[in-house]
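Enquirer: Here it is: the structure, laid out below.
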Amino acid sequence: MPRAVQPRERGVTLLEMLVVVSIIAILLGISYPSIASGLDSVRLATAADSVASFLNAAADRADRKHVVVELTIHKRRGELELRTPEPNSLRKMKLPDGITIREILPKLILEEELRHVYLYPGGVVPRIGVELVTQKGAKRVVRIDPITGAPEIQR
């Protein structure tokens, strides 16, 4: 008489599951710092590009609309504001979380939390800059070149 074939049980043992979970945990523990650093770098680059675009928009608006543009930089709040005499002309830009303004350039003798810069139509663009920094200390400086009027980002 032929023997009955018993079905094999399928599945994963607890020991196999623990080994796989511990390998995944080790890989995540090793790679997390570099991933977090990469995200900070991307966040800083994006913030620097946004500030450069905002400064460029301020200079362009002064020339295009032939109005005085007031650019206000709030160091503590991490905000830039653009205002013209036209109604409803206030535009704001807030820096992303984890990015702060370390310095408003050029440095003045007295430490300041707020700086107003005025851009005149057809006038020379003032030499201003904003130093951005992450919580880990990486920094970028966004400056307006007074000769060309174009913003530039320095590492």
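Every chain in the structure tokens has a letter given in the order shown (A, B, ...), and although residue numbers restart at 1 in each chain, ligands are simply numbered from 1 in the order shown.
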Run DSSP on the backbone and grab whatever in range 8-149 of chain A lands in strand (DSSP E or B); send it over as number ranges by chain.

Expert: A: 69-74, 79-83, 91-94, 99-105, 114-119, 129-134, 139-144

Enquirer: Excluding range 139-148 of chain A and any residue of its chain fewer than 2 positions from it, enumerate the residues within 8 Å of it, using only C-alpha atoms, and give them as number ranges by chain.

Expert: A: 44-45, 48, 51-52, 55, 124-134, 137, 150-155

Enquirer: What does the distance from CA of Asp49 in chain A to CA of Leu95 in chain A come to in Å, to one decimal?

Expert: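 Computing the Euclidean distance for CA of Asp49 in chain A and CA of Leu95 in chain A yields 10.9 Å.
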
Enquirer: Once DSSP has gone over the backbone, tell me which residues of chain A are in alpha helix (DSSP H), as a PyMOL selection string.

Expert: chain A and resi 14-65

Enquirer: What's around Arg61 in chain A at 12 Å? Count only C-alpha atoms, leave out sequence neighbours fewer than 3 positions away in its own chain, and write the answer as an NGL selection string.

Expert: :A and (53-58 or 64-71 or 82-86 or 89 or 91 or 118-122)
